[in-house]
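Structure data (TSV, C-alpha atoms and all ligand atoms) from final.tsv:
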```tsv
chain	number	residue	atom	x	y	z
A	285	MET	CA	2.32	-8.33	42.33
A	286	THR	CA	0.34	-5.25	43.28
A	287	ARG	CA	-3.10	-4.60	41.87
A	288	ARG	CA	-1.59	-1.80	39.78
A	289	ASP	CA	1.07	-4.13	38.33
A	290	PHE	CA	-1.63	-6.68	37.56
A	291	LEU	CA	-3.73	-4.11	35.73
A	292	LEU	CA	-0.73	-2.90	33.77
A	293	SER	CA	0.26	-6.41	32.71
A	294	SER	CA	-3.34	-7.22	31.76
A	295	ALA	CA	-3.47	-4.14	29.61
A	296	ALA	CA	-0.18	-5.07	27.99
A	297	LEU	CA	-1.40	-8.60	27.29
A	298	ALA	CA	-4.67	-7.35	25.85
A	299	ALA	CA	-2.75	-5.17	23.43
A	300	LEU	CA	-0.85	-8.16	22.01
A	301	PRO	CA	-2.30	-9.75	18.89
A	302	LEU	CA	-3.55	-13.26	19.60
A	303	ALA	CA	-1.52	-15.96	17.90
A	304	GLY	CA	-3.46	-17.45	15.00
A	305	SER	CA	-6.33	-15.03	15.39
A	306	ALA	CA	-6.47	-14.46	11.63
A	307	GLN	CA	-7.65	-18.05	11.14
A	308	GLU	CA	-10.28	-18.02	13.87
A	309	PRO	CA	-13.93	-17.41	13.04
A	310	LYS	CA	-14.85	-13.77	12.98
A	311	ALA	CA	-16.39	-12.73	16.29
A	312	LYS	CA	-18.40	-9.96	14.63
A	313	ALA	CA	-19.51	-9.03	11.16
A	314	GLY	CA	-16.97	-7.35	8.97
A	315	PHE	CA	-13.84	-8.02	7.02
A	316	ALA	CA	-10.42	-8.80	8.42
A	317	LEU	CA	-6.97	-8.75	6.85
A	318	ALA	CA	-6.15	-12.32	5.81
A	319	LYS	CA	-2.76	-13.66	6.76
A	320	LEU	CA	-0.15	-13.65	4.01
A	321	PRO	CA	0.35	-17.27	2.81
A	322	TYR	CA	4.16	-16.99	3.25
A	323	ALA	CA	6.76	-14.90	5.03
A	324	TYR	CA	7.30	-11.28	4.02
A	325	ASP	CA	10.77	-12.13	2.68
A	326	ALA	CA	9.65	-15.30	0.85
A	327	LEU	CA	9.65	-13.67	-2.58
A	328	GLU	CA	13.09	-12.04	-2.26
A	329	PRO	CA	14.88	-10.92	-4.34
A	330	ALA	CA	12.08	-10.48	-6.92
A	331	ILE	CA	9.85	-8.69	-4.40
A	332	ASP	CA	11.63	-7.28	-1.36
A	333	ALA	CA	10.42	-7.84	2.19
A	334	GLU	CA	9.89	-4.14	2.89
A	335	THR	CA	7.58	-3.76	-0.12
A	336	MET	CA	5.65	-6.90	0.87
A	337	THR	CA	5.31	-5.76	4.48
A	338	ILE	CA	4.03	-2.29	3.63
A	339	HIS	CA	1.84	-3.65	0.83
A	340	HIS	CA	0.10	-6.14	3.13
A	341	THR	CA	0.05	-4.43	6.54
A	342	LYS	CA	-0.56	-0.86	5.34
A	343	HIS	CA	-2.10	-0.84	1.86
A	344	GLN	CA	-4.32	-3.91	2.07
A	345	GLN	CA	-5.17	-3.19	5.72
A	346	THR	CA	-6.42	0.25	4.67
A	347	TYR	CA	-8.71	-1.32	2.06
A	348	VAL	CA	-10.08	-3.67	4.75
A	349	ASP	CA	-10.66	-0.79	7.18
A	350	ASN	CA	-12.28	1.46	4.58
A	351	LEU	CA	-14.52	-1.36	3.33
A	352	ASN	CA	-15.77	-1.95	6.89
A	353	LYS	CA	-16.42	1.79	7.24
A	354	ALA	CA	-18.25	1.99	3.92
A	355	LEU	CA	-20.48	-0.97	4.83
A	356	ALA	CA	-21.11	0.04	8.44
A	357	GLY	CA	-24.78	-0.59	9.22
A	358	GLN	CA	-25.12	-3.06	6.30
A	359	PRO	CA	-25.03	-6.45	8.07
A	360	ALA	CA	-25.97	-8.44	4.96
A	361	TRP	CA	-23.03	-6.97	3.05
A	362	LEU	CA	-20.65	-7.32	5.99
A	363	ALA	CA	-21.50	-11.03	6.19
A	364	MET	CA	-20.76	-11.80	2.52
A	365	PRO	CA	-17.56	-13.49	1.37
A	366	ILE	CA	-15.36	-10.81	-0.21
A	367	GLU	CA	-15.73	-12.38	-3.68
A	368	GLU	CA	-19.50	-12.03	-3.45
A	369	VAL	CA	-19.16	-8.35	-2.53
A	370	VAL	CA	-16.94	-7.79	-5.56
A	371	THR	CA	-19.27	-9.71	-7.89
A	372	LYS	CA	-22.39	-7.86	-6.64
A	373	VAL	CA	-20.79	-4.43	-6.29
A	374	LYS	CA	-23.23	-2.83	-8.73
A	375	GLU	CA	-26.02	-3.69	-6.27
A	376	ALA	CA	-24.26	-2.03	-3.32
A	377	PRO	CA	-26.11	0.94	-1.73
A	378	GLU	CA	-25.61	3.86	-4.10
A	379	ALA	CA	-24.23	6.23	-1.47
A	380	VAL	CA	-21.29	3.93	-0.79
A	381	ARG	CA	-21.03	2.06	-4.10
A	382	ALA	CA	-17.85	3.78	-5.27
A	383	ALA	CA	-16.16	3.23	-1.89
A	384	VAL	CA	-17.21	-0.43	-1.87
A	385	ARG	CA	-15.91	-0.88	-5.41
A	386	ASN	CA	-12.52	0.61	-4.58
A	387	ASN	CA	-12.05	-1.05	-1.21
A	388	ALA	CA	-13.64	-4.46	-1.78
A	389	GLY	CA	-11.58	-4.54	-4.97
A	390	GLY	CA	-8.51	-3.67	-2.93
A	391	VAL	CA	-9.19	-6.54	-0.54
A	392	TRP	CA	-10.08	-9.21	-3.13
A	393	ASN	CA	-7.39	-8.24	-5.63
A	394	HIS	CA	-4.62	-8.46	-3.05
A	395	ASP	CA	-5.85	-11.76	-1.57
A	396	PHE	CA	-5.85	-13.11	-5.12
A	397	PHE	CA	-2.42	-11.61	-5.89
A	398	TRP	CA	-0.74	-13.12	-2.80
A	399	GLY	CA	-2.19	-16.48	-3.83
A	400	VAL	CA	-0.72	-16.54	-7.33
A	401	MET	CA	2.84	-15.99	-6.12
A	402	ALA	CA	5.31	-18.36	-4.47
A	403	LYS	CA	8.97	-19.05	-4.36
A	404	PRO	CA	10.43	-20.88	-6.09
A	405	GLY	CA	8.17	-20.21	-9.03
A	406	THR	CA	6.75	-23.32	-10.66
A	407	ALA	CA	6.26	-23.89	-14.40
A	408	PRO	CA	2.98	-24.16	-16.27
A	409	LYS	CA	2.14	-27.64	-17.48
A	410	GLY	CA	-0.74	-29.82	-18.66
A	411	GLU	CA	-4.05	-28.16	-19.47
A	412	LEU	CA	-2.73	-24.71	-18.47
A	413	LEU	CA	0.33	-24.92	-20.72
A	414	GLU	CA	-1.85	-26.13	-23.61
A	415	ALA	CA	-4.19	-23.17	-23.10
A	416	ILE	CA	-1.23	-20.74	-23.01
A	417	ASN	CA	0.26	-22.24	-26.17
A	418	ALA	CA	-3.07	-22.17	-28.00
A	419	SER	CA	-3.60	-18.52	-27.03
A	420	PHE	CA	-0.11	-17.00	-27.22
A	421	THR	CA	2.02	-19.53	-29.20
A	422	ASP	CA	4.15	-20.36	-26.16
A	423	LEU	CA	5.05	-19.21	-22.65
A	424	ALA	CA	7.52	-16.62	-23.93
A	425	GLY	CA	4.83	-15.25	-26.22
A	426	PHE	CA	2.42	-15.01	-23.30
A	427	GLN	CA	4.98	-13.19	-21.13
A	428	LYS	CA	5.66	-10.70	-23.90
A	429	VAL	CA	2.00	-9.82	-24.45
A	430	PHE	CA	1.17	-9.85	-20.73
A	431	THR	CA	4.15	-7.61	-19.92
A	432	ALA	CA	3.14	-5.17	-22.65
A	433	ALA	CA	-0.39	-5.02	-21.19
A	434	ALA	CA	0.90	-4.56	-17.63
A	435	VAL	CA	3.38	-1.88	-18.61
A	436	GLY	CA	0.84	-0.20	-20.89
A	437	ARG	CA	-1.85	0.08	-18.20
A	438	PHE	CA	-1.86	3.85	-17.65
A	439	GLY	CA	-1.60	4.88	-14.01
A	440	SER	CA	-2.58	2.51	-11.23
A	441	GLY	CA	-4.26	-0.79	-11.98
A	442	TRP	CA	-3.96	-4.48	-12.72
A	443	ALA	CA	-3.27	-6.84	-15.61
A	444	TRP	CA	-5.19	-10.12	-15.61
A	445	LEU	CA	-5.12	-13.45	-17.41
A	446	VAL	CA	-8.68	-14.69	-17.78
A	447	PRO	CA	-10.45	-17.62	-19.43
A	448	GLY	CA	-11.53	-16.57	-22.93
A	449	ALA	CA	-15.06	-16.41	-24.24
A	450	LYS	CA	-16.61	-19.80	-24.95
A	451	GLY	CA	-17.15	-21.17	-28.43
A	452	GLY	CA	-16.37	-19.96	-31.92
A	453	LYS	CA	-12.78	-19.14	-32.67
A	454	ALA	CA	-12.18	-17.67	-29.22
A	455	LYS	CA	-8.80	-18.44	-27.68
A	456	PRO	CA	-8.89	-20.33	-24.38
A	457	LEU	CA	-7.18	-17.46	-22.54
A	458	ALA	CA	-7.22	-13.67	-22.83
A	459	ILE	CA	-5.45	-10.71	-21.22
A	460	VAL	CA	-7.33	-7.73	-19.85
A	461	THR	CA	-6.33	-4.77	-17.68
A	462	SER	CA	-8.33	-2.71	-15.23
A	463	PRO	CA	-7.83	0.69	-13.60
A	464	ASN	CA	-7.59	1.37	-9.87
A	465	GLN	CA	-8.79	-1.63	-7.82
A	466	ASP	CA	-11.29	-2.80	-10.44
A	467	ASN	CA	-11.28	-6.40	-11.67
A	468	PRO	CA	-13.22	-8.36	-14.31
A	469	LEU	CA	-15.68	-9.85	-11.77
A	470	MET	CA	-17.13	-6.39	-11.09
A	471	ASP	CA	-18.42	-6.05	-14.62
A	472	GLY	CA	-19.77	-9.57	-15.05
A	473	GLY	CA	-16.51	-10.83	-16.52
A	474	PRO	CA	-14.73	-14.10	-15.85
A	475	ARG	CA	-12.81	-14.86	-12.66
A	476	PRO	CA	-9.12	-14.19	-13.39
A	477	ILE	CA	-6.62	-17.04	-13.16
A	478	LEU	CA	-3.54	-14.78	-12.79
A	479	GLY	CA	-3.05	-11.10	-12.06
A	480	VAL	CA	-0.33	-8.58	-11.37
A	481	ASP	CA	-0.59	-5.40	-9.33
A	482	VAL	CA	0.96	-2.53	-11.26
A	483	TRP	CA	0.29	0.23	-8.73
A	484	GLU	CA	3.56	2.01	-7.96
A	485	HIS	CA	3.24	0.86	-4.32
A	486	ALA	CA	3.81	-2.70	-5.58
A	487	TYR	CA	7.29	-1.98	-6.94
A	488	TYR	CA	8.53	1.57	-6.41
A	489	LEU	CA	10.85	0.94	-3.40
A	490	LYS	CA	12.94	-1.54	-5.37
A	491	TYR	CA	12.28	-0.82	-9.04
A	492	ARG	CA	11.55	2.92	-8.89
A	493	ASN	CA	9.85	3.87	-12.16
A	494	LEU	CA	10.89	0.67	-13.97
A	495	ARG	CA	7.59	-1.19	-14.11
A	496	ALA	CA	8.82	-3.55	-16.85
A	497	LYS	CA	11.74	-4.69	-14.63
A	498	TYR	CA	9.28	-5.40	-11.83
A	499	VAL	CA	7.00	-7.43	-14.10
A	500	GLU	CA	10.01	-9.36	-15.43
A	501	ALA	CA	11.09	-10.24	-11.87
A	502	TRP	CA	7.49	-10.97	-10.83
A	503	PHE	CA	7.30	-13.72	-13.48
A	504	THR	CA	9.98	-15.64	-11.51
A	505	VAL	CA	7.66	-15.91	-8.50
A	506	VAL	CA	4.41	-16.80	-10.27
A	507	ASN	CA	2.83	-19.84	-8.63
A	508	TRP	CA	1.74	-21.68	-11.78
A	509	ASP	CA	0.21	-24.48	-9.70
A	510	ALA	CA	-2.16	-21.90	-8.23
A	511	VAL	CA	-2.90	-20.55	-11.73
A	512	ALA	CA	-3.65	-24.10	-12.93
A	513	ALA	CA	-5.96	-24.59	-9.94
A	514	ASN	CA	-7.77	-21.35	-10.81
A	515	LEU	CA	-8.20	-22.56	-14.40
A	516	ALA	CA	-9.46	-25.97	-13.26
A	517	LYS	CA	-11.96	-24.29	-10.91
A	518	LYS	CA	-13.20	-22.17	-13.83
A	519	SER	CA	-13.81	-25.08	-16.18
A	520	ALA	CA	-15.30	-27.31	-13.47
B	601	MN3	MN	-1.43	-3.14	-4.26
```
Kindly transcribe the structure held in the file into structure tokens.
Ligand code: MN3
Amino acid sequence: MTRRDFLLSSAALAALPLAGSAQEPKAKAGFALAKLPYAYDALEPAIDAETMTIHHTKHQQTYVDNLNKALAGQPAWLAMPIEEVVTKVKEAPEAVRAAVRNNAGGVWNHDFFWGVMAKPGTAPKGELLEAINASFTDLAGFQKVFTAAAVGRFGSGWAWLVPGAKGGKAKPLAIVTSPNQDNPLMDGGPRPILGVDVWEHAYYLKYRNLRAKYVEAWFTVVNWDAVAANLAKKSA
């Protein structure tokens, strides 16, 4: 091997992503794109592999990159867990607050979204099913109201299932929607237990303009065990 060949092969190796690097501790401050918890085709046919690939490697990556840019020179913010950034966004430096809101929201919301899906979809049971029944009569009733909220969210945004207000005649669960990459945590609200991305980028390749068809298919890949874990965490 000549010195030139060696240099070329070193450069080629350096350009390769390191296996498992997503799980390794961050070498420097800043946010990194978390690995998807399953393969890009795992949610087929409900959510196609091309949509998942673009959604994760392009859309969410862009939120990560833009969040790092917005918080450049802010080591305390760069060192926070993403959920803390989202929860404290109103305290972010004013000059970059809107960018932090949009991009930290884009990072947290998608991490959360990947985590509440799986194939095959499970079924709600136990405490979660009781809370759904007490709030929406039954699972079908919940799906109907949640779908209406998701479809009715004008433009880009999210629909969320959240723990209800405590006490009084409040139902155990409630549905809220938010525009853009906002979420309830940003405004002092509860941590969601389930959420669906209704930006067109989440469904347009396969479902075109038919958001209701996408939400219907999405229900088949909801990871209800993850939703139950989110609820348990909330009431702990
Ligand atoms: Mn999205």
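Among the candidates A:Ala510, A:Ala313, A:Ala323, A:Ala379, the residue lying nearest to A:Leu362 is A:Ala313 (atoms considered: only C-alpha atoms).
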Any residue with an atom at most 8 Å from ligand MN3 601 (chain B) counts, using only C-alpha atoms and all ligand atoms. Which are they? Put them as a list in words. His339, His343, Gln344, Gly390, Asn393, His394, Asp481, Val482, Trp483, His485 and Ala486 of chain A
Among listed residues A:Arg495, A:Arg437, A:Lys490, A:Lys518, nearest A:Ile331 (using only C-alpha atoms):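 Among the listed residues, the smallest separation from A:Ile331 belongs to A:Lys490.
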Atom CA of A:Lys403 to atom CA of A:Leu327, distance in Å rounded to a single decimal: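 Between these atoms lies a distance of 5.7 Å.
Straight-line separation from atom CA of A:Arg381 to atom CA of A:Thr346: 17.1 Å.
Using all atoms listed in the file, the smallest distance between any of A:Ile477, A:Val348, A:Asn386, A:Ser419 and A:Pro463 comes from A:Asn386.
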So how far away is atom CA of A:Thr504 from atom CA of A:Ala330, in Å?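 If I compute the distance from atom CA of A:Ala330 to atom CA of A:Thr504, I get 7.2 Å.
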Given the choices A:Ala513, A:Gly479, A:Gly441, A:Trp361, which gets closest to A:Trp398 if the distance is worked out from only C-alpha atoms?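 Closest candidate: A:Gly479.
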Counting only C-alpha atoms, which residue out of A:Pro404, A:Gly314, A:Gly439, A:Gly425 sits closest to A:Thr461? A:Gly439
Need the axis-aligned box for stretch 329-344 of chain A with 4 Å each side, so what are the centre and edges in Å to one decimal, as JSON?
```
{"center_x": 5.3, "center_y": -5.9, "center_z": -0.2, "size_x": 27.2, "size_y": 18.1, "size_z": 21.5}
```
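Closest approach to A:Glu368 among A:Pro408, A:Val446, A:Trp392, A:Gly452 is made by A:Trp392 (distances from only C-alpha atoms).
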Mind checking which residues fall within 12 Å of A:Thr421, counting only C-alpha atoms, ignoring those fewer than 6 positions away in the same chain, and posting them as a list in words?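 Once the adjacent positions are removed, what remains is Leu413, Glu414, Ala415, Gln427, Lys428, Val429, Lys455, Pro456 and Leu457 of chain A.
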